[in-house]
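Engineer: Before I ask anything, let me first share the structure, which is written out below as structure tokens.
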Amino acid sequence: MGLVTLTGLVLSASDVGEFDRRLVILTREAGKVTAFAKGARRPNNPMVAVCSPFVFGQFSAYEGRNSYHITRADIKSYFRDLVTDYEKVCLGSYFLEVAERKSAEGLDERMRLALLYQSLKAIESGRFSHRLLRDIYELKTWVIDGEYPNVFSCTVCGAKENLAMFSIKNHGMVCSKCSNLQSGIKISNSALYTLQFIVSSPLEKLYTFVLNEETEEEVTRLITGYRNSYHPYKYKSEEFL
Ligand SMILES: [Zn+2]
């Protein structure tokens with residue numbers, strides 16, 4: 001058992017035995033890990049505050065065969081503006097649940113961790129509607145997992161110009177020449193540009209754009225349609241959105 005330092009975000013926490021806590025943490029170094037904090041529920045234990053969802057920081061831990069044992073934590077953020085607002089917590093909890101389900105142990109999950117971190121910051125900022133935040137987060141999650149629509153070329157002929165329609169069946173765009181052969185939803189240039197931006201943007205720039213209401217409406221409709229067809233899994237925390 002070696003002592004390691006893990007940088008990560010607590011996705012979920014549950015009580016174990018009389019005084020311990022079990023955490024699932026999304027880490028930079030080891031993907032998703034299970035970690036135990038012994039005695040974390042004893043009164044005055046400094047680990048009490050550390051063992052909650054949304055906590056982000058560095059954890060010193062002993063590595064066991066299947067899990068870690070945390071000895072110390074250095075907290076960088078609690079996402080305080082998020083956890084004190086009911087609606088923000090609901091959306092944030094949903095983001096955590098998606099990340100927990102989609103991530104794996106021992107894999108490189110740095111992109112997912114960065115997406116989650118930026119997305120929680122974006123919830124805190126209050127600059128986006130919650131439905132748009134959810135759409136951006138989910139589309140980018142599908143990009144990380146390689147299961148996303150092609151929004152850069154025609155899914156029939158490969159043309160990169162005159163992309164006129166979004167076809168759920170085809171997993172992406174259809175150009176105006178091919179549009180009479182396929183069924184799909186007509187798409188405006190600004191909605192297309194928004195989808196392209198979300199798919200290709202680096203994570204630190206992801207939450208830097210503004211949309212008018214009409215475009216937001218359109219983008220939401222397209223992403224919701226795609227989600228219902230290809231990502232229909234029902235999350236527990238979804239009920240509260
Ligand atoms: Zn085409």
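Each chain in the structure tokens gets a letter, A, B, ..., in the order shown, and its residues are numbered from 1; ligands are numbered from 1 in order too.
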What residues have any atom no more than 6 Å from ligand 1 when counting only C-alpha atoms and all ligand atoms, and can you list them as an MDAnalysis selection string?
Structural biologist: chainID A and resid 154 156:159 174:175 177:178
Engineer: Excluding A:Ser179 and any residue of its chain fewer than 2 positions from it, enumerate the residues within 10 Å of it, using only C-alpha atoms, and give them as a list in words.
Structural biologist: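 My list of contacting residues is Cys154, Val156, Leu163, Ala164, Met165, Phe166, Ser167, Met173, Val174, Cys175, Ser176, Lys177, Leu181, Gln182, Ser183, Gly184, Ile185 and Lys186 of chain A.
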Engineer: List as a PyMOL selection string the protein and nucleic acid residues near A:Arg72, meaning an atom at most 8 Å away when only C-alpha atoms are counted, but skip any in the same chain fewer than 2 places from it.
Structural biologist: chain A and resi 47+59-61+70+74
Engineer: Where does stretch 99-150 of chain A meet stretch 230-239 of chain A within 12 Å, residue by residue, with the nearest atom pair and distance in Å to one decimal for each, counting only C-alpha atoms, listed by chain and rising number, as CSV?
Structural biologist:
residue,atom,partner,partner_atom,distance
A:Ala99,CA,A:Tyr235,CA,11.2
A:Glu100,CA,A:Tyr235,CA,10.9
A:Arg101,CA,A:Tyr235,CA,9.2
A:Lys102,CA,A:Tyr233,CA,11.3
A:Arg131,CA,A:Glu238,CA,11.9
A:Arg134,CA,A:Glu238,CA,10.6
A:Glu138,CA,A:His231,CA,9.6
A:Leu139,CA,A:His231,CA,10.5
A:Thr141,CA,A:His231,CA,11.0
A:Trp142,CA,A:His231,CA,9.1
A:Asp145,CA,A:His231,CA,11.9
A:Glu147,CA,A:Tyr230,CA,8.8
A:Tyr148,CA,A:Tyr230,CA,9.3
A:Pro149,CA,A:Tyr230,CA,10.2
Engineer: Find the nearest atom pair between each residue of stretch 67-132 of chain A and stretch 188-210 of chain A for residues within 7 Å, count only C-alpha atoms, give distances in Å to one decimal, sort rows by chain and ascending number, and present the table as CSV.
Structural biologist:
residue,atom,partner,partner_atom,distance
A:Ala114,CA,A:Leu203,CA,6.9
A:Leu115,CA,A:Leu203,CA,6.1
A:Gln118,CA,A:Glu204,CA,6.9
A:Ala122,CA,A:Tyr207,CA,6.7
Engineer: Would you write out those residues with C-alpha atoms, as a compact mmCIF listing (two decimals), in the first residue's frame?
Structural biologist:
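Written file, selection-v1.txt:
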# COMPACT_ATOMS: atom_id res chain seq x y z
CA ALA A 114 -12.59 19.12 -16.61
CA LEU A 115 -16.05 19.16 -18.22
CA GLN A 118 -16.40 23.83 -15.84
CA ALA A 122 -21.26 27.54 -15.17
Engineer: Give me, as a ChimeraX atom specification, the residues of stretch 11-197 of chain A that a backbone DSSP run labels strand (DSSP E).
Structural biologist: /A:11-16,20-27,31-37,56-63,68-77,163-167,172-175,185-186
Engineer: How about saving the chosen residues, N, CA and C atoms kept, as a CSV table (one decimal), in the first residue's frame?
Structural biologist:
chain,number,residue,atom,x,y,z
A,11,LEU,N,-18.1,12.6,-6.3
A,11,LEU,CA,-19.3,12.4,-7.1
A,11,LEU,C,-20.5,11.9,-6.2
A,12,SER,N,-20.1,11.1,-5.2
A,12,SER,CA,-21.2,10.6,-4.3
A,12,SER,C,-20.5,10.2,-3.0
A,13,ALA,N,-21.3,10.2,-1.9
A,13,ALA,CA,-20.8,9.8,-0.6
A,13,ALA,C,-21.9,9.1,0.1
A,14,SER,N,-21.5,8.0,0.8
A,14,SER,CA,-22.5,7.3,1.6
A,14,SER,C,-21.9,6.8,2.9
A,15,ASP,N,-22.8,6.5,3.9
A,15,ASP,CA,-22.3,6.1,5.2
A,15,ASP,C,-22.0,4.6,5.2
A,16,VAL,N,-20.9,4.3,5.9
A,16,VAL,CA,-20.5,2.9,6.0
A,16,VAL,C,-20.3,2.6,7.5
A,20,ASP,N,-17.8,5.6,9.4
A,20,ASP,CA,-17.0,5.8,8.2
A,20,ASP,C,-17.9,6.4,7.0
A,21,ARG,N,-17.2,6.9,6.0
A,21,ARG,CA,-17.8,7.3,4.8
A,21,ARG,C,-17.2,6.7,3.6
A,22,ARG,N,-18.0,6.3,2.6
A,22,ARG,CA,-17.5,5.8,1.4
A,22,ARG,C,-17.7,6.8,0.3
A,23,LEU,N,-16.7,7.2,-0.4
A,23,LEU,CA,-16.8,8.2,-1.5
A,23,LEU,C,-16.5,7.6,-2.8
A,24,VAL,N,-17.1,8.1,-3.8
A,24,VAL,CA,-16.7,7.9,-5.2
A,24,VAL,C,-16.2,9.2,-5.7
A,25,ILE,N,-14.9,9.2,-6.2
A,25,ILE,CA,-14.2,10.4,-6.6
A,25,ILE,C,-13.8,10.3,-8.0
A,26,LEU,N,-14.1,11.3,-8.8
A,26,LEU,CA,-13.5,11.4,-10.2
A,26,LEU,C,-12.2,12.1,-10.2
A,27,THR,N,-11.1,11.3,-10.5
A,27,THR,CA,-9.8,11.9,-10.3
A,27,THR,C,-9.0,12.1,-11.6
A,31,GLY,N,-8.8,8.0,-12.9
A,31,GLY,CA,-10.2,7.9,-13.3
A,31,GLY,C,-11.2,7.9,-12.1
A,32,LYS,N,-12.2,7.1,-12.2
A,32,LYS,CA,-13.2,7.0,-11.0
A,32,LYS,C,-12.6,6.1,-10.0
A,33,VAL,N,-12.6,6.5,-8.7
A,33,VAL,CA,-12.1,5.6,-7.7
A,33,VAL,C,-13.1,5.6,-6.5
A,34,THR,N,-13.0,4.5,-5.8
A,34,THR,CA,-13.8,4.3,-4.5
A,34,THR,C,-12.8,4.6,-3.4
A,35,ALA,N,-13.2,5.4,-2.5
A,35,ALA,CA,-12.3,5.7,-1.4
A,35,ALA,C,-13.0,5.7,0.0
A,36,PHE,N,-12.4,5.3,1.0
A,36,PHE,CA,-13.0,5.3,2.3
A,36,PHE,C,-12.3,6.3,3.2
A,37,ALA,N,-13.1,7.0,4.0
A,37,ALA,CA,-12.6,7.9,5.0
A,37,ALA,C,-13.0,7.3,6.4
A,56,PHE,N,-14.1,19.5,-4.2
A,56,PHE,CA,-13.0,19.3,-5.2
A,56,PHE,C,-11.7,19.7,-4.5
A,57,GLY,N,-10.7,18.8,-4.6
A,57,GLY,CA,-9.5,19.1,-4.0
A,57,GLY,C,-8.5,18.0,-4.2
A,58,GLN,N,-7.4,18.0,-3.3
A,58,GLN,CA,-6.4,17.0,-3.3
A,58,GLN,C,-6.6,16.1,-2.1
A,59,PHE,N,-6.5,14.8,-2.4
A,59,PHE,CA,-6.7,13.8,-1.4
A,59,PHE,C,-5.5,12.9,-1.3
A,60,SER,N,-4.9,12.9,0.0
A,60,SER,CA,-3.8,11.9,0.2
A,60,SER,C,-4.5,10.6,0.6
A,61,ALA,N,-4.0,9.5,0.0
A,61,ALA,CA,-4.7,8.3,0.3
A,61,ALA,C,-3.8,7.1,0.1
A,62,TYR,N,-4.0,6.0,0.9
A,62,TYR,CA,-3.3,4.8,0.7
A,62,TYR,C,-4.1,4.0,-0.4
A,63,GLU,N,-3.3,3.4,-1.3
A,63,GLU,CA,-3.9,2.7,-2.4
A,63,GLU,C,-4.0,1.2,-1.9
A,68,TYR,N,-9.3,3.1,-2.1
A,68,TYR,CA,-8.3,3.9,-1.4
A,68,TYR,C,-8.8,4.2,0.0
A,69,HIS,N,-7.8,4.5,0.9
A,69,HIS,CA,-8.1,5.0,2.2
A,69,HIS,C,-7.6,6.4,2.4
A,70,ILE,N,-8.5,7.3,2.6
A,70,ILE,CA,-8.1,8.7,2.6
A,70,ILE,C,-7.5,9.1,4.0
A,71,THR,N,-6.4,9.7,4.0
A,71,THR,CA,-5.8,10.2,5.3
A,71,THR,C,-5.9,11.7,5.5
A,72,ARG,N,-6.0,12.4,4.4
A,72,ARG,CA,-5.9,13.9,4.4
A,72,ARG,C,-6.6,14.4,3.2
A,73,ALA,N,-7.1,15.6,3.3
A,73,ALA,CA,-7.7,16.3,2.1
A,73,ALA,C,-7.4,17.8,2.2
A,74,ASP,N,-7.1,18.3,1.0
A,74,ASP,CA,-6.8,19.7,0.9
A,74,ASP,C,-7.8,20.3,-0.1
A,75,ILE,N,-8.9,20.9,0.4
A,75,ILE,CA,-10.0,21.3,-0.4
A,75,ILE,C,-9.8,22.6,-1.1
A,76,LYS,N,-10.0,22.6,-2.5
A,76,LYS,CA,-9.9,23.8,-3.3
A,76,LYS,C,-11.2,24.5,-3.5
A,77,SER,N,-12.3,23.7,-3.5
A,77,SER,CA,-13.6,24.3,-3.7
A,77,SER,C,-14.7,23.4,-3.2
A,163,LEU,N,-25.3,22.7,-45.2
A,163,LEU,CA,-25.9,21.7,-44.3
A,163,LEU,C,-27.3,22.3,-43.9
A,164,ALA,N,-28.3,21.6,-44.3
A,164,ALA,CA,-29.7,22.3,-44.1
A,164,ALA,C,-30.6,21.6,-43.1
A,165,MET,N,-30.3,20.3,-42.8
A,165,MET,CA,-31.2,19.6,-42.0
A,165,MET,C,-30.5,18.7,-41.0
A,166,PHE,N,-31.1,18.5,-39.8
A,166,PHE,CA,-30.6,17.6,-38.8
A,166,PHE,C,-31.4,16.4,-38.8
A,167,SER,N,-30.7,15.3,-39.0
A,167,SER,CA,-31.5,14.0,-39.1
A,167,SER,C,-31.1,13.1,-37.9
A,172,GLY,N,-26.9,13.0,-37.6
A,172,GLY,CA,-26.2,14.3,-37.9
A,172,GLY,C,-26.9,15.0,-39.1
A,173,MET,N,-26.0,15.8,-39.7
A,173,MET,CA,-26.5,16.8,-40.7
A,173,MET,C,-26.8,16.1,-42.1
A,174,VAL,N,-27.7,16.7,-42.8
A,174,VAL,CA,-27.9,16.4,-44.2
A,174,VAL,C,-27.9,17.7,-45.0
A,175,CYS,N,-27.2,17.6,-46.2
A,175,CYS,CA,-27.0,18.9,-47.0
A,175,CYS,C,-28.3,19.1,-47.8
A,185,ILE,N,-35.0,17.6,-39.6
A,185,ILE,CA,-35.5,18.8,-39.1
A,185,ILE,C,-34.7,20.0,-39.7
A,186,LYS,N,-35.3,20.9,-40.3
A,186,LYS,CA,-34.6,22.1,-40.8
A,186,LYS,C,-33.9,22.8,-39.7
Engineer: Write out as a PyMOL selection string all residues of stretch 135-236 of chain A that backbone DSSP assigns to alpha helix (DSSP H).
Structural biologist: chain A and resi 135-144+189-200+213-230
Engineer: Give me a file of those residues, with C-alpha atoms, as a short mmCIF file (atom, residue, chain, number, x, y, z; two decimals), in the first residue's frame.
Structural biologist:
data_model
loop_
_atom_site.label_atom_id
_atom_site.label_comp_id
_atom_site.auth_asym_id
_atom_site.auth_seq_id
_atom_site.Cartn_x
_atom_site.Cartn_y
_atom_site.Cartn_z
CA ASP A 135 -27.86 20.27 -23.20
CA ILE A 136 -24.31 21.58 -23.39
CA TYR A 137 -23.11 19.20 -20.67
CA GLU A 138 -24.76 16.19 -22.25
CA LEU A 139 -23.68 16.89 -25.82
CA LYS A 140 -20.10 17.35 -24.60
CA THR A 141 -20.36 14.11 -22.58
CA TRP A 142 -21.40 12.28 -25.76
CA VAL A 143 -18.40 13.85 -27.53
CA ILE A 144 -16.04 12.55 -24.81
CA ASN A 189 -27.27 28.66 -39.34
CA SER A 190 -27.03 29.94 -35.80
CA ALA A 191 -28.29 26.64 -34.33
CA LEU A 192 -25.85 24.71 -36.52
CA TYR A 193 -22.99 26.98 -35.49
CA THR A 194 -23.93 26.48 -31.82
CA LEU A 195 -23.85 22.69 -32.15
CA GLN A 196 -20.48 22.90 -33.94
CA PHE A 197 -19.13 25.17 -31.25
CA ILE A 198 -20.22 22.86 -28.40
CA VAL A 199 -18.75 19.80 -30.14
CA SER A 200 -15.38 21.36 -31.01
CA GLU A 213 -34.06 32.71 -27.14
CA GLU A 214 -35.07 31.47 -30.58
CA THR A 215 -31.75 29.70 -31.20
CA GLU A 216 -31.73 28.27 -27.69
CA GLU A 217 -35.21 26.88 -28.31
CA GLU A 218 -34.04 25.26 -31.55
CA VAL A 219 -30.82 23.82 -30.09
CA THR A 220 -32.72 22.40 -27.13
CA ARG A 221 -35.26 20.73 -29.41
CA LEU A 222 -32.53 19.06 -31.49
CA ILE A 223 -30.48 17.84 -28.53
CA THR A 224 -33.59 16.62 -26.67
CA GLY A 225 -34.69 14.67 -29.75
CA TYR A 226 -31.24 13.12 -30.08
CA ARG A 227 -31.13 12.27 -26.36
CA ASN A 228 -34.56 10.60 -26.44
CA SER A 229 -33.49 8.42 -29.38
CA TYR A 230 -29.95 7.43 -28.41
#
Engineer: Measure the distance from atom CA of A:Glu124 to atom CA of A:Asp85 in Å and round it to one decimal.
Structural biologist: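 If I compute the distance from atom CA of A:Glu124 to atom CA of A:Asp85, I get 9.2 Å.
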Engineer: Distance atom CA of A:Leu91-atom CA of A:Ser103, one decimal place?
Structural biologist: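 These two atoms are separated by 18.3 Å.
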Engineer: To one decimal in Å, tell me the separation between atom CA of A:Val55 and atom CA of A:Phe95.
Structural biologist: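 Computing the Euclidean distance for atom CA of A:Val55 and atom CA of A:Phe95 yields 13.8 Å.
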Engineer: Counting only C-alpha atoms, what is within 9 Å of A:Arg28, bar same-chain residues fewer than 5 positions away, as a list in words?
Structural biologist: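 Here the answer would be Leu6, Thr7, Gly8, Asp108, Glu109, Arg110, Met111, Leu113 and Ala114 of chain A.
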Engineer: I need the chosen residues saved as a CSV table (one decimal), in the first residue's frame, with C-alpha atoms.
Structural biologist:
chain,number,residue,atom,x,y,z
A,6,LEU,CA,-5.3,12.2,-6.0
A,7,THR,CA,-6.8,15.4,-7.4
A,8,GLY,CA,-10.5,15.1,-7.9
A,108,ASP,CA,-8.0,8.5,-18.3
A,109,GLU,CA,-11.0,10.7,-17.2
A,110,ARG,CA,-9.3,14.1,-17.2
A,111,MET,CA,-11.6,15.4,-20.0
A,113,LEU,CA,-13.4,15.8,-14.8
A,114,ALA,CA,-12.6,19.1,-16.6
Engineer: A:Ala30: which residues within 7 Å, counting only C-alpha atoms, same-chain residues fewer than 4 positions away excluded, as a list in words?
Structural biologist: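 The residues that qualify are Glu105, Gly106, Leu107 and Asp108 of chain A.
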Engineer: Could you save those same residues with N, CA and C atoms as a PDB file, in the first residue's frame?
Structural biologist:
ATOM      1  N   GLU A 105     -13.175   3.104 -13.805  1.00  0.00           N
ATOM      2  CA  GLU A 105     -11.996   3.032 -12.945  1.00  0.00           C
ATOM      3  C   GLU A 105     -10.762   2.771 -13.792  1.00  0.00           C
ATOM      4  N   GLY A 106      -9.673   3.445 -13.449  1.00  0.00           N
ATOM      5  CA  GLY A 106      -8.395   3.163 -14.096  1.00  0.00           C
ATOM      6  C   GLY A 106      -8.246   3.737 -15.495  1.00  0.00           C
ATOM      7  N   LEU A 107      -9.258   4.441 -15.994  1.00  0.00           N
ATOM      8  CA  LEU A 107      -9.133   5.052 -17.317  1.00  0.00           C
ATOM      9  C   LEU A 107      -8.769   6.536 -17.177  1.00  0.00           C
ATOM     10  N   ASP A 108      -8.329   7.126 -18.285  1.00  0.00           N
ATOM     11  CA  ASP A 108      -8.035   8.549 -18.283  1.00  0.00           C
ATOM     12  C   ASP A 108      -9.343   9.330 -18.352  1.00  0.00           C
TER      13      ASP A 108
END
Engineer: Which residue gives the smallest distance to A:Phe54 among A:Lys121, A:His130, A:Arg42, A:Arg112, with only C-alpha atoms counted?
Structural biologist: A:Lys121
